[in-house]
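Chemist: Following this message is one structure expressed as structure tokens.
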Amino acid sequence: MPWIQRISRLSPSEKEGLYRILIPPSLYSSFRIDPRSWRNEKGERIVRFFCPRGDRTCLVEIKLPGSEHALYSIQLTDLSDFTQIDWDFLVVNDPGSPVFTTHIDQEGRDTLFGWASRNLAEEEKAVEAGLFPGQVTKGLGLTREVIHVLEFFCRMFDIKSIRLEALFYHNAITYERHGFSYFDEYAQMKRIHELFQPGKALFNKLDNSTPFRKPEFAHTVRGRSWAIHDGILADIEDDVRDEGWASPVMYRMVGKPRGMVTFPDPVY
């Protein structure tokens, strides 16, 4: 039986005791969370564990009172290979940063990270504020710490590898810097880097035609990610890469990081 499903059969206190590992220690101290009661200084419980009996998925979430968006949210799912685990998503929001409603379009519908629809006015504000596609606020720079606690969790259960889907270009570059390799789309990622070089097709499409296609965006991870989110890949013809963005599937061997670099010495 896969590990998440096994853990789901334990008592609530036992499950929470194991899943507490998935919360970066810095969050306990920074936001004064009691790691035993999951409560803040006012006695309000702000940590939620969603792991119903028999389920193959677990969700750990921290949500501050009065905040619409989670401070921290991580979800894991069992895979058919018991030595692997799927890292479904990670959300980290800085509660002290301005909020941009890029997740809801002008008709009030969920944009599904901008893939179903877009709120262009809010996205333009987010670009100017230094955010990446898919963000509603700035993050807290916890990726390295999250990977550390996730690997510790995996070693407890002899899970050998962590699998994920990089939804955005900047996600893929970040994860490759943290020792993740590509199951697929490695050729796409390398080709994108080539085509953003001066004189190449993607570089030439950064023509200020939209707020997401500024010429200087060719040189940064954030800029490229916004241009790709804006559909720039579909605007060129290239024999090597397919049309449009395909989210890469990536993996990291626990304790044996081995990144496959597609953007050497990236500037964010």
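Residues in the structure tokens are numbered from 1 in each chain, the chains being A, B, ... in the order shown, and ligands are numbered from 1 in the order shown.
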Report as a ChimeraX atom specification all protein, DNA and RNA residues lying within 9 Å of stretch 86-102 of chain A, evaluated on only C-alpha atoms, omitting residues in the same chain fewer than 3 positions from it.

Modeler: /A:64,67,69-79,105,110-111,113-114,118-123,125-126,129,133-143,146,161-165

Chemist: Using the selection just defined, write its residues with N, CA and C atoms as a compact mmCIF listing (two decimals), in the first residue's frame.

Modeler:
# COMPACT_ATOMS: atom_id res chain seq x y z
N LEU A 64 -3.70 32.40 7.89
CA LEU A 64 -3.79 33.38 8.95
C LEU A 64 -5.20 33.96 9.03
N SER A 67 -7.19 36.43 6.39
CA SER A 67 -6.52 36.38 5.09
C SER A 67 -7.29 35.48 4.14
N HIS A 69 -6.00 34.27 1.33
CA HIS A 69 -5.09 33.31 0.74
C HIS A 69 -4.25 32.61 1.80
N ALA A 70 -3.93 31.35 1.55
CA ALA A 70 -3.12 30.59 2.49
C ALA A 70 -1.72 31.18 2.59
N LEU A 71 -1.19 31.20 3.79
CA LEU A 71 0.21 31.56 3.98
C LEU A 71 1.11 30.48 3.38
N TYR A 72 0.71 29.22 3.59
CA TYR A 72 1.52 28.08 3.15
C TYR A 72 0.58 26.93 2.83
N SER A 73 0.84 26.27 1.72
CA SER A 73 0.03 25.13 1.34
C SER A 73 0.88 24.18 0.52
N ILE A 74 0.88 22.91 0.91
CA ILE A 74 1.63 21.89 0.18
C ILE A 74 0.77 20.64 0.07
N GLN A 75 0.78 20.02 -1.10
CA GLN A 75 0.01 18.80 -1.31
C GLN A 75 0.88 17.72 -1.92
N LEU A 76 0.74 16.50 -1.39
CA LEU A 76 1.45 15.33 -1.88
C LEU A 76 0.45 14.24 -2.24
N THR A 77 0.79 13.44 -3.25
CA THR A 77 -0.07 12.34 -3.67
C THR A 77 0.77 11.10 -3.94
N ASP A 78 0.22 9.95 -3.56
CA ASP A 78 0.87 8.68 -3.86
C ASP A 78 0.95 8.44 -5.36
N LEU A 79 2.00 7.75 -5.79
CA LEU A 79 2.10 7.26 -7.16
C LEU A 79 2.02 5.75 -7.14
N ASP A 105 -10.76 36.43 -12.89
CA ASP A 105 -10.87 37.33 -14.03
C ASP A 105 -11.93 38.40 -13.78
N ASP A 110 -12.54 31.83 -11.68
CA ASP A 110 -11.19 31.41 -11.35
C ASP A 110 -10.38 31.29 -12.64
N THR A 111 -9.23 31.93 -12.69
CA THR A 111 -8.41 31.88 -13.91
C THR A 111 -7.60 30.60 -14.03
N PHE A 113 -4.77 29.80 -12.49
CA PHE A 113 -3.39 30.27 -12.66
C PHE A 113 -3.16 30.94 -14.02
N GLY A 114 -4.23 31.44 -14.62
CA GLY A 114 -4.08 32.14 -15.89
C GLY A 114 -4.20 31.26 -17.11
N ARG A 118 -7.66 35.11 -18.14
CA ARG A 118 -6.66 36.01 -17.56
C ARG A 118 -7.30 37.31 -17.10
N ASN A 119 -6.72 37.88 -16.08
CA ASN A 119 -7.09 39.22 -15.62
C ASN A 119 -5.92 40.12 -15.98
N LEU A 120 -5.96 40.66 -17.18
CA LEU A 120 -4.81 41.39 -17.72
C LEU A 120 -4.46 42.63 -16.91
N ALA A 121 -5.48 43.31 -16.40
CA ALA A 121 -5.21 44.52 -15.62
C ALA A 121 -4.44 44.19 -14.35
N GLU A 122 -4.83 43.12 -13.66
CA GLU A 122 -4.14 42.72 -12.44
C GLU A 122 -2.77 42.12 -12.74
N GLU A 123 -2.68 41.40 -13.85
CA GLU A 123 -1.38 40.84 -14.23
C GLU A 123 -0.38 41.94 -14.53
N LYS A 125 -0.29 44.88 -13.18
CA LYS A 125 0.12 45.42 -11.88
C LYS A 125 1.11 44.46 -11.22
N ALA A 126 0.86 43.16 -11.35
CA ALA A 126 1.74 42.16 -10.75
C ALA A 126 3.12 42.20 -11.39
N ALA A 129 5.03 45.04 -10.02
CA ALA A 129 5.39 44.83 -8.62
C ALA A 129 6.47 43.77 -8.43
N PRO A 133 4.30 35.00 -12.93
CA PRO A 133 2.98 34.48 -13.32
C PRO A 133 2.45 33.49 -12.28
N GLY A 134 1.15 33.56 -12.01
CA GLY A 134 0.54 32.64 -11.06
C GLY A 134 0.56 33.11 -9.63
N GLN A 135 1.32 34.17 -9.32
CA GLN A 135 1.38 34.68 -7.96
C GLN A 135 0.31 35.74 -7.72
N VAL A 136 -0.22 35.74 -6.48
CA VAL A 136 -1.11 36.82 -6.06
C VAL A 136 -0.40 37.76 -5.10
N THR A 137 0.65 37.27 -4.46
CA THR A 137 1.53 38.10 -3.64
C THR A 137 2.95 37.61 -3.85
N LYS A 138 3.91 38.32 -3.32
CA LYS A 138 5.28 37.82 -3.32
C LYS A 138 5.38 36.61 -2.41
N GLY A 139 6.39 35.79 -2.65
CA GLY A 139 6.62 34.63 -1.80
C GLY A 139 7.53 34.97 -0.63
N LEU A 140 7.97 33.93 0.07
CA LEU A 140 8.83 34.12 1.24
C LEU A 140 10.21 33.48 1.06
N GLY A 141 10.51 33.02 -0.17
CA GLY A 141 11.82 32.43 -0.42
C GLY A 141 12.08 31.15 0.35
N LEU A 142 11.10 30.25 0.37
CA LEU A 142 11.19 29.04 1.19
C LEU A 142 11.48 27.77 0.39
N THR A 143 11.71 27.89 -0.90
CA THR A 143 11.84 26.68 -1.73
C THR A 143 12.89 25.72 -1.20
N VAL A 146 11.69 24.06 2.01
CA VAL A 146 10.61 23.11 1.75
C VAL A 146 11.17 21.81 1.18
N SER A 161 12.26 9.05 -4.74
CA SER A 161 12.26 10.20 -5.64
C SER A 161 10.98 11.03 -5.50
N ILE A 162 11.11 12.30 -5.81
CA ILE A 162 10.02 13.27 -5.75
C ILE A 162 9.72 13.72 -7.17
N ARG A 163 8.48 13.61 -7.57
CA ARG A 163 8.05 13.98 -8.92
C ARG A 163 7.18 15.22 -8.84
N LEU A 164 7.26 16.09 -9.85
CA LEU A 164 6.40 17.27 -9.90
C LEU A 164 6.20 17.72 -11.33
N GLU A 165 5.20 18.57 -11.53
CA GLU A 165 4.96 19.21 -12.82
C GLU A 165 5.23 20.70 -12.64

Chemist: Out of stretch 81-258 of chain A, which residues get strand (DSSP E) from DSSP, as number ranges by chain?

Modeler: A: 84-92, 161-165, 181-182, 249-253

Chemist: Distance atom CA of A:Tyr186-atom CA of A:Met260, one decimal place?

Modeler: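 Separation of atom CA of A:Tyr186 and atom CA of A:Met260: 8.0 Å.
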
Chemist: Could you give me, as a list in words, the residues within 9 Å of A:Lys160, counting only C-alpha atoms and dropping anything in the same chain fewer than 6 positions from it?

Modeler: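 That gives Phe82, Thr83, Gln84, Ile85, Cys154, Arg252, Met253, Val254 and Gly255 of chain A.
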
Chemist: Could you pull the residues within 7 Å of stretch 192-197 of chain A, counting only C-alpha atoms, minus those fewer than 4 positions along the same chain, as a ChimeraX atom specification?

Modeler: /A:188,201-203,218,262-263

Chemist: With a distance cut-off of 7 Å and only C-alpha atoms, select the neighbouring residues of A:Arg9, excluding the residue or stretch itself and same-chain residues fewer than 3 positions from it, and output the selection as JSON, numbers by chain.

Modeler: {"A": [5, 6, 53, 54]}

Chemist: Rounded to one decimal in Å, what is the spacing between atom CA of A:Leu27 and atom CA of A:Glu145?

Modeler: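 Between atom CA of A:Leu27 and atom CA of A:Glu145 the gap works out to 10.3 Å.
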
Chemist: Can you list, as a count of residues only, every protein, DNA or RNA residue that comes within 9 Å of stretch 242-250 of chain A when you count only C-alpha atoms, leaving out same-chain residues fewer than 4 positions away?

Modeler: 30

Chemist: Based on DSSP run over this structure's backbone, return all residues of stretch 30-206 of chain A in helix (DSSP H, G or I), as a PyMOL selection string.

Modeler: chain A and resi 30+120-128+143-156+169-177+186-195+201-205

Chemist: Write out, as a CSV table (one decimal), in the first residue's frame, the residues just selected, with N, CA and C atoms.

Modeler:
chain,number,residue,atom,x,y,z
A,30,SER,N,8.5,32.5,12.7
A,30,SER,CA,8.2,33.7,12.1
A,30,SER,C,6.7,34.2,12.4
A,120,LEU,N,-6.0,40.7,-17.2
A,120,LEU,CA,-4.8,41.4,-17.7
A,120,LEU,C,-4.5,42.6,-16.9
A,121,ALA,N,-5.5,43.3,-16.4
A,121,ALA,CA,-5.2,44.5,-15.6
A,121,ALA,C,-4.4,44.2,-14.4
A,122,GLU,N,-4.8,43.1,-13.7
A,122,GLU,CA,-4.1,42.7,-12.4
A,122,GLU,C,-2.8,42.1,-12.7
A,123,GLU,N,-2.7,41.4,-13.8
A,123,GLU,CA,-1.4,40.8,-14.2
A,123,GLU,C,-0.4,41.9,-14.5
A,124,GLU,N,-0.8,43.0,-15.2
A,124,GLU,CA,0.1,44.1,-15.5
A,124,GLU,C,0.6,44.7,-14.2
A,125,LYS,N,-0.3,44.9,-13.2
A,125,LYS,CA,0.1,45.4,-11.9
A,125,LYS,C,1.1,44.5,-11.2
A,126,ALA,N,0.9,43.2,-11.4
A,126,ALA,CA,1.7,42.2,-10.8
A,126,ALA,C,3.1,42.2,-11.4
A,127,VAL,N,3.2,42.4,-12.7
A,127,VAL,CA,4.5,42.5,-13.4
A,127,VAL,C,5.3,43.7,-12.8
A,128,GLU,N,4.6,44.8,-12.7
A,128,GLU,CA,5.3,46.0,-12.2
A,128,GLU,C,5.7,45.9,-10.8
A,143,THR,N,11.7,27.9,-0.9
A,143,THR,CA,11.8,26.7,-1.7
A,143,THR,C,12.9,25.7,-1.2
A,144,ARG,N,14.1,26.2,-0.9
A,144,ARG,CA,15.1,25.3,-0.4
A,144,ARG,C,14.7,24.7,0.9
A,145,GLU,N,14.1,25.4,1.8
A,145,GLU,CA,13.7,24.8,3.1
A,145,GLU,C,12.6,23.8,2.9
A,146,VAL,N,11.7,24.1,2.0
A,146,VAL,CA,10.6,23.1,1.7
A,146,VAL,C,11.2,21.8,1.2
A,147,ILE,N,12.1,21.9,0.3
A,147,ILE,CA,12.7,20.7,-0.3
A,147,ILE,C,13.4,19.9,0.8
A,148,HIS,N,14.1,20.6,1.7
A,148,HIS,CA,14.8,20.0,2.8
A,148,HIS,C,13.8,19.1,3.7
A,149,VAL,N,12.7,19.7,4.1
A,149,VAL,CA,11.7,19.0,4.9
A,149,VAL,C,11.0,17.9,4.1
A,150,LEU,N,10.8,18.1,2.8
A,150,LEU,CA,10.2,17.1,2.0
A,150,LEU,C,11.1,15.9,1.9
A,151,GLU,N,12.4,16.1,1.7
A,151,GLU,CA,13.4,15.0,1.6
A,151,GLU,C,13.4,14.3,2.9
A,152,PHE,N,13.4,15.0,4.0
A,152,PHE,CA,13.4,14.3,5.3
A,152,PHE,C,12.2,13.4,5.5
A,153,PHE,N,11.0,13.9,5.1
A,153,PHE,CA,9.8,13.1,5.1
A,153,PHE,C,10.0,11.8,4.2
A,154,CYS,N,10.5,12.0,3.0
A,154,CYS,CA,10.7,10.9,2.1
A,154,CYS,C,11.7,9.8,2.7
A,155,ARG,N,12.8,10.3,3.4
A,155,ARG,CA,13.8,9.3,3.9
A,155,ARG,C,13.1,8.5,5.0
A,156,MET,N,12.2,9.1,5.8
A,156,MET,CA,11.5,8.3,6.8
A,156,MET,C,10.8,7.1,6.3
A,169,TYR,N,7.4,28.4,-16.6
A,169,TYR,CA,8.8,28.4,-17.0
A,169,TYR,C,9.7,28.7,-15.8
A,170,HIS,N,9.3,29.7,-15.0
A,170,HIS,CA,10.2,30.1,-13.8
A,170,HIS,C,10.2,28.9,-12.8
A,171,ASN,N,9.1,28.2,-12.7
A,171,ASN,CA,9.1,27.0,-11.8
A,171,ASN,C,10.2,26.0,-12.2
A,172,ALA,N,10.2,25.7,-13.5
A,172,ALA,CA,11.1,24.7,-14.0
A,172,ALA,C,12.6,25.1,-13.8
A,173,ILE,N,12.9,26.4,-14.0
A,173,ILE,CA,14.2,26.9,-13.8
A,173,ILE,C,14.6,26.8,-12.4
A,174,THR,N,13.7,27.2,-11.5
A,174,THR,CA,13.9,27.1,-10.0
A,174,THR,C,14.2,25.7,-9.6
A,175,TYR,N,13.4,24.8,-10.0
A,175,TYR,CA,13.6,23.4,-9.6
A,175,TYR,C,14.8,22.8,-10.2
A,176,GLU,N,15.2,23.1,-11.4
A,176,GLU,CA,16.4,22.5,-11.9
A,176,GLU,C,17.6,23.0,-11.1
A,177,ARG,N,17.5,24.3,-10.6
A,177,ARG,CA,18.6,24.8,-9.8
A,177,ARG,C,18.7,24.1,-8.4
A,186,TYR,N,12.8,18.5,-21.7
A,186,TYR,CA,14.2,19.1,-21.6
A,186,TYR,C,14.6,19.8,-22.8
A,187,ALA,N,14.2,19.2,-24.0
A,187,ALA,CA,14.6,19.8,-25.3
A,187,ALA,C,13.8,21.1,-25.4
A,188,GLN,N,12.6,21.1,-25.0
A,188,GLN,CA,11.8,22.4,-25.1
A,188,GLN,C,12.5,23.5,-24.3
A,189,MET,N,12.9,23.2,-23.0
A,189,MET,CA,13.5,24.2,-22.2
A,189,MET,C,14.8,24.7,-22.7
A,190,LYS,N,15.6,23.8,-23.3
A,190,LYS,CA,16.9,24.2,-23.9
A,190,LYS,C,16.6,25.1,-25.1
A,191,ARG,N,15.6,24.7,-25.9
A,191,ARG,CA,15.3,25.5,-27.1
A,191,ARG,C,14.8,26.9,-26.8
A,192,ILE,N,14.0,27.0,-25.7
A,192,ILE,CA,13.5,28.3,-25.3
A,192,ILE,C,14.7,29.2,-24.9
A,193,HIS,N,15.6,28.7,-24.2
A,193,HIS,CA,16.8,29.5,-23.9
A,193,HIS,C,17.5,30.0,-25.1
A,194,GLU,N,17.7,29.1,-26.1
A,194,GLU,CA,18.4,29.5,-27.3
A,194,GLU,C,17.6,30.6,-28.1
A,195,LEU,N,16.3,30.4,-28.1
A,195,LEU,CA,15.5,31.4,-28.9
A,195,LEU,C,15.3,32.7,-28.2
A,201,ALA,N,14.3,34.1,-32.6
A,201,ALA,CA,12.9,34.3,-32.8
A,201,ALA,C,12.1,34.9,-31.6
A,202,LEU,N,12.4,34.3,-30.4
A,202,LEU,CA,11.7,34.8,-29.2
A,202,LEU,C,12.2,36.2,-28.8
A,203,PHE,N,13.4,36.4,-28.9
A,203,PHE,CA,14.0,37.7,-28.6
A,203,PHE,C,13.4,38.8,-29.5
A,204,ASN,N,13.2,38.5,-30.8
A,204,ASN,CA,12.6,39.4,-31.7
A,204,ASN,C,11.2,39.7,-31.5
A,205,LYS,N,10.5,38.8,-30.8
A,205,LYS,CA,9.1,39.0,-30.5
A,205,LYS,C,8.8,39.8,-29.2
